[in-house]
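Visitor: Structure: run_13.txt, compact mmCIF, C-alpha atoms.
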# COMPACT_ATOMS: atom_id res chain seq x y z
CA MET X 1 54.63 70.49 13.43
CA TRP X 2 54.93 74.09 14.54
CA PRO X 3 57.23 76.38 12.53
CA GLU X 4 60.95 76.47 13.18
CA GLY X 5 62.70 79.28 15.00
CA ILE X 6 60.01 80.11 17.57
CA GLY X 7 59.81 80.21 21.36
CA THR X 8 57.01 79.73 23.86
CA GLY X 9 56.21 79.72 27.55
CA VAL X 10 55.81 76.83 29.95
CA GLY X 11 52.50 78.02 31.36
CA SER X 12 52.45 79.72 34.75
CA LEU X 13 52.88 83.48 35.13
CA PRO X 14 52.83 85.98 38.00
CA GLY X 15 49.77 88.08 38.73
CA THR X 16 46.03 87.51 38.94
CA ASP X 17 44.56 89.23 35.86
CA PRO X 18 43.90 86.77 33.01
CA ARG X 19 43.52 89.55 30.43
CA GLU X 20 46.90 91.03 31.26
CA ALA X 21 48.44 87.57 31.14
CA SER X 22 46.87 86.72 27.78
CA ALA X 23 48.00 90.05 26.33
CA LEU X 24 51.50 89.22 27.55
CA VAL X 25 51.77 85.77 25.97
CA THR X 26 50.21 86.80 22.67
CA GLY X 27 52.39 89.91 22.53
CA GLU X 28 55.73 88.28 23.34
CA THR X 29 55.24 84.81 21.80
CA PRO X 30 52.65 85.41 19.07
CA GLU X 31 53.70 82.41 16.95
CA PHE X 32 53.06 79.95 19.79
CA PRO X 33 51.27 81.47 22.81
CA ALA X 34 50.60 79.28 25.84
CA LEU X 35 47.32 79.58 27.74
CA PRO X 36 48.37 81.42 30.92
CA GLU X 37 48.15 79.82 34.34
CA LEU X 38 47.93 82.22 37.29
CA PRO X 39 48.43 80.19 40.48
CA GLY X 40 48.65 83.41 42.50
CA ARG X 41 44.84 83.44 42.49
CA GLY X 42 44.83 80.55 44.96
CA VAL X 43 42.66 77.44 45.16
CA GLY X 44 41.62 76.18 41.74
CA ALA X 45 44.28 78.17 39.91
CA ASP X 46 47.06 75.72 40.81
CA LEU X 47 48.14 73.01 38.37
CA ILE X 48 46.26 70.20 40.12
CA GLY X 49 43.13 72.28 40.66
CA ARG X 50 43.01 73.42 37.03
CA THR X 51 43.43 69.83 35.84
CA ALA X 52 40.83 68.53 38.28
CA GLY X 53 38.37 70.99 36.79
CA LEU X 54 38.65 69.17 33.46
CA LEU X 55 37.94 65.70 34.85
CA VAL X 56 34.72 64.05 33.71
CA ASP X 57 32.52 62.22 36.25
CA LEU X 58 35.12 62.61 39.01
CA ALA X 59 35.05 65.25 41.72
CA VAL X 60 37.70 66.48 44.15
CA GLU X 61 37.87 69.05 46.91
CA VAL X 62 40.58 70.74 48.95
CA VAL X 63 41.43 69.29 52.36
CA PRO X 64 44.31 70.40 54.64
CA THR X 65 46.73 67.89 53.08
CA ALA X 66 45.87 68.01 49.38
CA TRP X 67 43.12 67.74 46.80
CA ARG X 68 40.95 64.73 47.72
CA VAL X 69 38.30 62.68 45.91
CA THR X 70 34.76 63.54 46.96
CA ALA X 71 31.29 62.28 46.09
CA ARG X 72 30.09 65.37 44.23
CA PRO X 73 31.44 68.68 42.93
CA GLY X 74 31.67 71.44 45.51
CA ARG X 75 32.78 75.05 45.65
CA ASP X 76 36.48 74.25 45.10
CA LEU X 77 35.77 72.52 41.81
CA ARG X 78 33.30 75.21 40.76
CA ARG X 79 35.95 77.82 41.45
CA SER X 80 38.47 75.91 39.33
CA ARG X 81 36.05 75.74 36.41
CA ASP X 82 35.04 79.39 36.76
CA LEU X 83 38.69 80.45 36.69
CA MET X 84 39.36 78.33 33.60
CA ALA X 85 36.32 79.83 31.86
CA ALA X 86 37.62 83.35 32.57
CA ASP X 87 41.07 82.34 31.32
CA LEU X 88 39.65 80.98 28.08
CA ASP X 89 37.58 84.11 27.49
CA ALA X 90 40.65 86.31 27.96
CA PHE X 91 42.84 84.07 25.80
CA ASP X 92 40.21 83.94 23.05
CA ASP X 93 40.00 87.74 22.95
CA ALA X 94 43.79 88.13 22.89
CA CYS X 95 44.23 85.51 20.16
CA ASP X 96 41.51 87.16 18.10
CA ARG X 97 43.85 90.14 17.64
CA ILE X 98 46.78 88.08 16.29
CA ARG X 99 45.16 84.87 14.94
CA PRO X 100 48.01 82.45 15.81
CA ASP X 101 48.34 79.19 13.91
CA TRP X 102 49.45 77.35 17.04
CA VAL X 103 48.53 77.62 20.72
CA LYS X 104 49.43 75.48 23.73
CA VAL X 105 47.46 74.41 26.80
CA GLN X 106 48.90 72.80 29.93
CA VAL X 107 47.53 70.25 32.40
CA ALA X 108 49.00 67.87 34.96
CA GLY X 109 49.98 64.52 33.49
CA PRO X 110 48.34 61.36 34.81
CA TRP X 111 51.20 60.30 37.08
CA THR X 112 51.65 63.69 38.71
CA LEU X 113 47.88 63.94 39.11
CA ALA X 114 47.68 60.49 40.70
CA ALA X 115 50.57 61.36 43.02
CA SER X 116 48.98 64.65 44.09
CA VAL X 117 45.32 63.74 44.68
CA GLU X 118 44.15 61.68 47.66
CA LEU X 119 41.51 59.01 47.77
CA ALA X 120 38.78 59.31 50.43
CA SER X 121 40.97 57.07 52.62
CA GLY X 122 43.75 59.67 52.62
CA HIS X 123 46.08 57.55 50.51
CA ARG X 124 47.31 58.84 47.17
CA VAL X 125 45.38 57.83 44.06
CA LEU X 126 48.75 56.42 42.99
CA THR X 127 48.37 53.57 45.50
CA ASP X 128 45.33 52.17 43.68
CA ARG X 129 46.09 51.11 40.12
CA GLY X 130 42.39 50.90 39.26
CA ALA X 131 41.90 54.48 40.45
CA VAL X 132 44.92 55.60 38.43
CA ARG X 133 43.34 54.20 35.28
CA GLU X 134 39.98 55.75 36.14
CA PHE X 135 41.59 59.18 36.62
CA THR X 136 43.53 58.81 33.38
CA ALA X 137 40.42 57.91 31.40
CA SER X 138 38.55 60.85 32.94
CA LEU X 139 41.45 63.18 32.14
CA GLY X 140 41.55 61.97 28.55
CA GLU X 141 37.85 62.63 28.07
CA GLY X 142 38.12 66.07 29.63
CA LEU X 143 41.16 66.95 27.55
CA ARG X 144 39.46 66.04 24.30
CA ALA X 145 36.64 68.45 25.11
CA HIS X 146 39.11 71.13 26.27
CA VAL X 147 41.18 70.87 23.08
CA ALA X 148 38.07 71.05 20.91
CA GLU X 149 36.86 74.18 22.73
CA VAL X 150 40.23 75.97 22.51
CA ALA X 151 40.58 75.06 18.82
CA GLU X 152 37.09 76.35 18.05
CA ARG X 153 37.65 79.58 19.96
CA THR X 154 41.11 80.42 18.60
CA GLY X 155 41.03 78.79 15.17
CA ALA X 156 44.52 77.46 15.94
CA THR X 157 46.08 74.02 16.13
CA VAL X 158 46.21 73.14 19.81
CA VAL X 159 49.22 71.51 21.43
CA VAL X 160 48.65 69.80 24.78
CA GLN X 161 51.41 69.95 27.38
CA LEU X 162 51.25 67.26 30.05
CA ASP X 163 53.21 68.47 33.07
CA GLU X 164 54.87 65.57 34.86
CA PRO X 165 57.18 67.05 37.53
CA GLY X 166 56.23 64.19 39.88
CA LEU X 167 57.05 61.35 37.50
CA PRO X 168 60.70 60.82 38.58
CA ALA X 169 59.54 60.38 42.20
CA VAL X 170 56.81 57.97 41.06
CA LEU X 171 59.39 55.89 39.19
CA ALA X 172 61.82 56.00 42.10
CA GLY X 173 59.25 55.06 44.72
CA SER X 174 60.25 58.03 46.86
CA LEU X 175 56.82 59.52 47.61
CA PRO X 176 55.79 59.21 51.28
CA THR X 177 52.72 57.27 52.28
CA ALA X 178 49.84 58.87 54.18
CA SER X 179 51.38 57.84 57.50
CA GLY X 180 54.74 59.32 56.61
CA TYR X 181 56.50 56.15 57.77
CA GLY X 182 56.97 54.57 54.39
CA THR X 183 56.98 55.27 50.68
CA VAL X 184 54.55 54.42 47.92
CA ARG X 185 55.72 51.44 45.92
CA THR X 186 57.60 52.07 42.71
CA VAL X 187 55.71 52.18 39.43
CA PRO X 188 57.67 50.15 36.84
CA ALA X 189 58.86 52.26 33.92
CA PRO X 190 57.03 50.10 31.31
CA ASP X 191 53.73 50.64 33.18
CA ALA X 192 54.31 54.40 33.35
CA GLU X 193 55.11 54.48 29.65
CA ASP X 194 52.07 52.38 28.68
CA LEU X 195 49.64 54.63 30.56
CA LEU X 196 51.11 57.76 29.01
CA ARG X 197 50.98 56.19 25.56
CA GLU X 198 47.33 55.29 26.04
CA LEU X 199 46.44 58.82 27.09
CA ILE X 200 48.50 60.48 24.35
CA GLY X 201 47.02 58.20 21.71
CA GLY X 202 43.50 59.20 22.68
CA ILE X 203 44.07 62.95 22.30
CA ASP X 204 43.53 64.35 18.82
CA ALA X 205 46.34 66.87 19.13
CA PRO X 206 50.14 66.91 19.39
CA VAL X 207 51.14 66.19 22.98
CA VAL X 208 54.26 67.52 24.70
CA VAL X 209 55.29 65.94 28.00
CA HIS X 210 57.13 68.39 30.22
CA CYS X 211 59.23 67.37 33.23
CA CYS X 212 61.31 70.13 34.80
CA ALA X 213 62.47 67.88 37.65
CA ASP X 214 66.08 66.78 37.97
CA ARG X 215 66.93 63.76 35.81
CA PRO X 216 63.71 63.57 33.76
CA PRO X 217 62.95 60.22 32.04
CA ILE X 218 63.45 61.63 28.55
CA ARG X 219 63.54 58.32 26.70
CA LEU X 220 60.41 57.04 28.43
CA LEU X 221 58.50 60.18 27.49
CA ALA X 222 59.62 60.06 23.88
CA ALA X 223 58.82 56.35 23.62
CA ALA X 224 55.32 57.01 24.94
CA GLY X 225 54.53 58.93 21.77
CA ALA X 226 55.15 62.51 22.84
CA ALA X 227 55.44 64.96 19.97
CA ALA X 228 58.12 66.73 22.02
CA VAL X 229 59.70 66.49 25.47
CA GLY X 230 60.14 69.52 27.73
CA ILE X 231 63.05 69.77 30.18
CA ASP X 232 64.83 72.28 32.40
CA ALA X 233 68.13 72.42 30.53
CA THR X 234 69.68 74.78 33.09
CA ARG X 235 70.07 71.99 35.66
CA PRO X 236 73.63 70.88 36.43
CA THR X 237 72.83 67.39 35.13
CA PHE X 238 72.67 68.87 31.62
CA THR X 239 75.38 71.53 31.67
CA GLY X 240 79.14 71.82 31.87
CA ALA X 241 81.37 69.43 33.75
CA THR X 242 78.47 68.18 35.91
CA ALA X 243 76.41 66.97 32.94
CA GLU X 244 75.51 63.29 33.18
CA ALA X 245 76.40 61.21 30.15
CA ARG X 246 73.23 59.11 30.28
CA LEU X 247 71.02 62.20 30.17
CA LEU X 248 72.98 63.71 27.29
CA ASP X 249 72.75 60.37 25.48
CA ALA X 250 68.99 60.41 26.04
CA ILE X 251 68.76 63.84 24.40
CA GLY X 252 70.89 62.67 21.48
CA GLU X 253 68.81 59.54 20.96
CA THR X 254 65.59 61.54 21.14
CA TRP X 255 66.88 64.06 18.62
CA ASP X 256 68.06 61.21 16.38
CA GLU X 257 64.45 60.04 16.23
CA GLY X 258 63.35 63.53 15.19
CA VAL X 259 61.56 64.27 18.48
CA PRO X 260 62.22 67.90 19.46
CA LEU X 261 62.74 69.30 22.94
CA LEU X 262 61.08 72.23 24.61
CA LEU X 263 64.44 73.37 25.88
CA GLY X 264 64.21 75.32 29.13
CA LEU X 265 67.12 77.75 28.95
CA LEU X 266 65.70 80.91 30.51
CA PRO X 267 65.68 81.42 34.30
CA GLY X 268 62.28 81.24 35.95
CA THR X 269 63.16 83.84 38.59
CA ALA X 270 65.35 86.93 38.63
CA PRO X 271 68.91 85.91 37.70
CA ALA X 272 72.05 87.44 39.19
CA ARG X 273 72.56 89.34 35.94
CA GLU X 274 70.39 90.16 32.96
CA PRO X 275 70.40 87.24 30.46
CA VAL X 276 71.91 87.99 27.07
CA VAL X 277 70.47 86.19 24.08
CA GLY X 278 73.96 85.36 22.78
CA ASP X 279 74.91 83.59 26.01
CA LEU X 280 71.63 81.70 26.06
CA ALA X 281 72.03 80.68 22.43
CA ARG X 282 75.55 79.49 23.16
CA ALA X 283 74.15 77.06 25.73
CA GLY X 284 71.97 75.55 23.01
CA TYR X 285 74.83 75.48 20.51
CA ASP X 286 77.14 73.86 23.07
CA LEU X 287 74.59 71.12 23.66
CA ALA X 288 74.26 70.49 19.92
CA ASP X 289 78.05 70.49 19.51
CA ARG X 290 78.52 68.10 22.42
CA LEU X 291 76.05 65.66 20.91
CA GLY X 292 77.36 65.99 17.36
CA PHE X 293 74.37 67.79 15.83
CA ASP X 294 74.72 70.56 13.27
CA ARG X 295 73.77 73.87 14.89
CA ARG X 296 71.49 74.62 11.96
CA ARG X 297 69.23 71.79 13.09
CA LEU X 298 68.54 73.42 16.45
CA ALA X 299 65.61 75.43 15.12
CA ARG X 300 63.88 72.15 14.26
CA LEU X 301 65.06 70.17 17.27
CA ALA X 302 64.50 72.72 20.05
CA VAL X 303 61.85 75.24 21.04
CA PRO X 304 63.36 77.56 23.67
CA THR X 305 61.29 78.16 26.79
CA PRO X 306 61.79 79.31 30.37
CA ALA X 307 63.34 76.59 32.54
CA CYS X 308 60.00 76.07 34.29
CA GLY X 309 56.96 78.15 35.19
CA LEU X 310 57.27 81.90 35.74
CA ALA X 311 54.86 82.25 38.67
CA GLY X 312 57.76 83.23 40.94
CA ALA X 313 59.09 85.90 38.59
CA SER X 314 58.27 89.59 38.65
CA PRO X 315 55.91 90.83 35.91
CA THR X 316 58.88 92.52 34.24
CA GLY X 317 60.98 89.37 34.56
CA ALA X 318 58.25 87.21 33.08
CA ARG X 319 57.84 89.55 30.12
CA ARG X 320 61.58 89.56 29.52
CA ALA X 321 61.79 85.76 29.75
CA LEU X 322 59.07 85.29 27.13
CA ALA X 323 60.62 87.92 24.87
CA LEU X 324 63.99 86.19 25.17
CA SER X 325 62.48 82.82 24.31
CA ARG X 326 61.26 84.29 21.03
CA GLU X 327 64.64 85.96 20.36
CA LEU X 328 66.38 82.70 21.16
CA GLY X 329 64.20 80.84 18.69
CA ARG X 330 65.28 83.26 16.00
CA ALA X 331 68.92 82.80 17.03
CA PHE X 332 68.57 79.03 16.65
CA ALA X 333 67.18 79.57 13.15
CA ASP X 334 70.21 81.68 12.16
CA PRO X 335 73.33 80.53 14.06
CA ASP X 336 75.63 82.52 11.78
CA GLU X 337 73.94 85.76 12.76
Would you encode the structure as structure tokens?
Guide:
Amino acid sequence: MWPEGIGTGVGSLPGTDPREASALVTGETPEFPALPELPGRGVGADLIGRTAGLLVDLAVEVVPTAWRVTARPGRDLRRSRDLMAADLDAFDDACDRIRPDWVKVQVAGPWTLAASVELASGHRVLTDRGAVREFTASLGEGLRAHVAEVAERTGATVVVQLDEPGLPAVLAGSLPTASGYGTVRTVPAPDAEDLLRELIGGIDAPVVVHCCADRPPIRLLAAAGAAAVGIDATRPTFTGATAEARLLDAIGETWDEGVPLLLGLLPGTAPAREPVVGDLARAGYDLADRLGFDRRRLARLAVPTPACGLAGASPTGARRALALSRELGRAFADPDE
């Protein structure tokens, strides 16, 4: 796996210039830079649009309600692919200056993708299990090509991050139907796990599954074969007196199995006061203490990251958050210091 005592980003950043963004991630997190996502550029730069651009033999377009399946690629999909090509060129050039051993790319996971894209009928892909499998197979094929291209360009080992912020709603059956009068039926947890396992197993790269929603299904993600699980550890369900025992137990069980966390400890937007690395490190130490893990294991068990994407942060705030994630990784590696 990646070296101990490092930090990285979640993916999204403010701004619209891919060269500035790539210089930022390679400058502040050179051991483990994440391919920048710049949703501020609009259609095709959003998480779903970027992922749709990787699909093989499936096309989507933007309609007033969402991204929707269409018969053939149009300008929306071409824009998504053009933006990704520009991002890869900028990232390649930035990585060429530092030659990192590890890099990370991010795409929507299959369940969030299926919950976010509409069929031609207007219903979510999620409502058609055959379509879900078709989208997942297409995503897997596209990801394999994407990973191979990034690896060839950068010379680094590529880590794939599957973003699944919609998975808790999929499991809970809380997503509204097209009419708005009902909800899409619940996907059983074993089915969700099996599909993720199938996708992860077909990607020749370590796969992180990131879910910054409240109450993420940590055990399901780890059991699906994820190399690491990413969470927003600043949520009340993980901290202080409001922490939920079952979620803390899930972290402990995952760590017991040697599966690390991408531990989101840094605010994604401007905090009330400037974060101090000692306070942030203490949050990680407190979690380890609470679960009975030696603090010296944190550098292996946790990679500090922002709590979620940084698209809503200021450029200065985003730079500071990435710098702090790297400092925090070093603090985990040397708790005595």
Visitor: Using all atoms listed in the file, determine which residues lie at most 7 Å from Val184 in chain X, disregarding the query and same-chain residues fewer than 2 positions distant; provide the list as a ChimeraX atom specification.
Guide: /X:127,173-177,182,186
Visitor: Go ahead and compute the interatomic distance for CA of Gly312 in chain X and CA of Gly40 in chain X, in Å to one decimal.
Guide: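 CA of Gly312 in chain X sits 9.2 Å away from CA of Gly40 in chain X.
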Visitor: Of the residues X:Asp46, X:Pro30, X:Ser116, X:Val62, which is the one nearest to Leu83 in chain X, using only C-alpha atoms?
Guide: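 Checking each candidate against Leu83 in chain X, we get X:Asp46 as the closest.
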Visitor: What is the distance, in Å and to one decimal place, between CA of Arg68 in chain X and CA of Gly122 in chain X?
Guide: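 Here the two named atoms are 7.6 Å from each other.
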Visitor: Quick one: everything within 12 Å of Ala145 in chain X, counting all atoms listed in the file, minus sequence neighbours fewer than 4 positions away in the same chain. Send it as number ranges by chain.
Guide: X: 54-56, 138-141, 149-152, 158, 202-205
Visitor: Go through X:Ala307, X:Ile231, X:Leu265, X:Ala192 and flag the residue nearest Ile251 in chain X, using only C-alpha atoms for the distances.
Guide: X:Ile231
Visitor: Quick one: of X:Asp89, X:Glu244, X:Asp232, X:Asp289, who's nearest to Leu262 in chain X, counting all atoms listed in the file?
Guide: X:Asp232
Visitor: So that I can see what lies close to range 15-20 of chain X, please list as a PyMOL selection string the residues with an atom at most 10 Å from it, counting all atoms listed in the file and leaving out residues fewer than 2 positions away in the same chain.
Guide: chain X and resi 12-13+22-25+35-42+45+83-84+86-94+311-315
Visitor: Which one of X:Gly201, X:Pro304, X:Gly284, X:Gly309 sits closest to Thr269 in chain X if you count all atoms listed in the file?
Guide: X:Gly309
Visitor: For Asp76 in chain X, which residue out of X:Asp194, X:Ala224, X:Val103, X:Gly44 is the nearest one, using only C-alpha atoms?
Guide: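 Counting only C-alpha atoms, the residue closest to Asp76 in chain X is X:Gly44.
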Visitor: What lies within 12 Å of Leu199 in chain X using only C-alpha atoms, ignoring chain neighbours under 6 positions off, as a compact mmCIF listing (two decimals) with C-alpha atoms, in the frame of the given file?
Guide:
# COMPACT_ATOMS: atom_id res chain seq x y z
CA GLY X 109 49.98 64.52 33.49
CA PRO X 110 48.34 61.36 34.81
CA TRP X 111 51.20 60.30 37.08
CA VAL X 132 44.92 55.60 38.43
CA ARG X 133 43.34 54.20 35.28
CA GLU X 134 39.98 55.75 36.14
CA PHE X 135 41.59 59.18 36.62
CA THR X 136 43.53 58.81 33.38
CA ALA X 137 40.42 57.91 31.40
CA SER X 138 38.55 60.85 32.94
CA LEU X 139 41.45 63.18 32.14
CA GLY X 140 41.55 61.97 28.55
CA GLU X 141 37.85 62.63 28.07
CA GLY X 142 38.12 66.07 29.63
CA LEU X 143 41.16 66.95 27.55
CA ARG X 144 39.46 66.04 24.30
CA VAL X 160 48.65 69.80 24.78
CA LEU X 162 51.25 67.26 30.05
CA ALA X 192 54.31 54.40 33.35
CA GLU X 193 55.11 54.48 29.65
CA ALA X 205 46.34 66.87 19.13
CA PRO X 206 50.14 66.91 19.39
CA VAL X 207 51.14 66.19 22.98
CA VAL X 208 54.26 67.52 24.70
CA VAL X 209 55.29 65.94 28.00
CA ALA X 224 55.32 57.01 24.94
CA GLY X 225 54.53 58.93 21.77
CA ALA X 226 55.15 62.51 22.84
Visitor: For Ile6 in chain X, work out the shell of residues within 7 Å, counting all atoms listed in the file and skipping chain neighbours fewer than 2 positions away, then give it as a list in words.
Guide: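 Contacts, in chain order: Pro3, Glu4, Thr8, Glu31, Val303, Arg326, Gly329 and Arg330 of chain X.
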Visitor: So that I have them on file, write out the residues from the current selection with C-alpha atoms, as a compact mmCIF listing (two decimals), keeping the file's coordinate frame.
Guide:
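Produced file selection.txt, reproduced below:
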# COMPACT_ATOMS: atom_id res chain seq x y z
CA PRO X 3 57.23 76.38 12.53
CA GLU X 4 60.95 76.47 13.18
CA THR X 8 57.01 79.73 23.86
CA GLU X 31 53.70 82.41 16.95
CA VAL X 303 61.85 75.24 21.04
CA ARG X 326 61.26 84.29 21.03
CA GLY X 329 64.20 80.84 18.69
CA ARG X 330 65.28 83.26 16.00
Visitor: To one decimal in Å, tell me the separation between CA of Ala21 in chain X and CA of Gly230 in chain X.
Guide: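 Those two atoms sit 21.8 Å apart.
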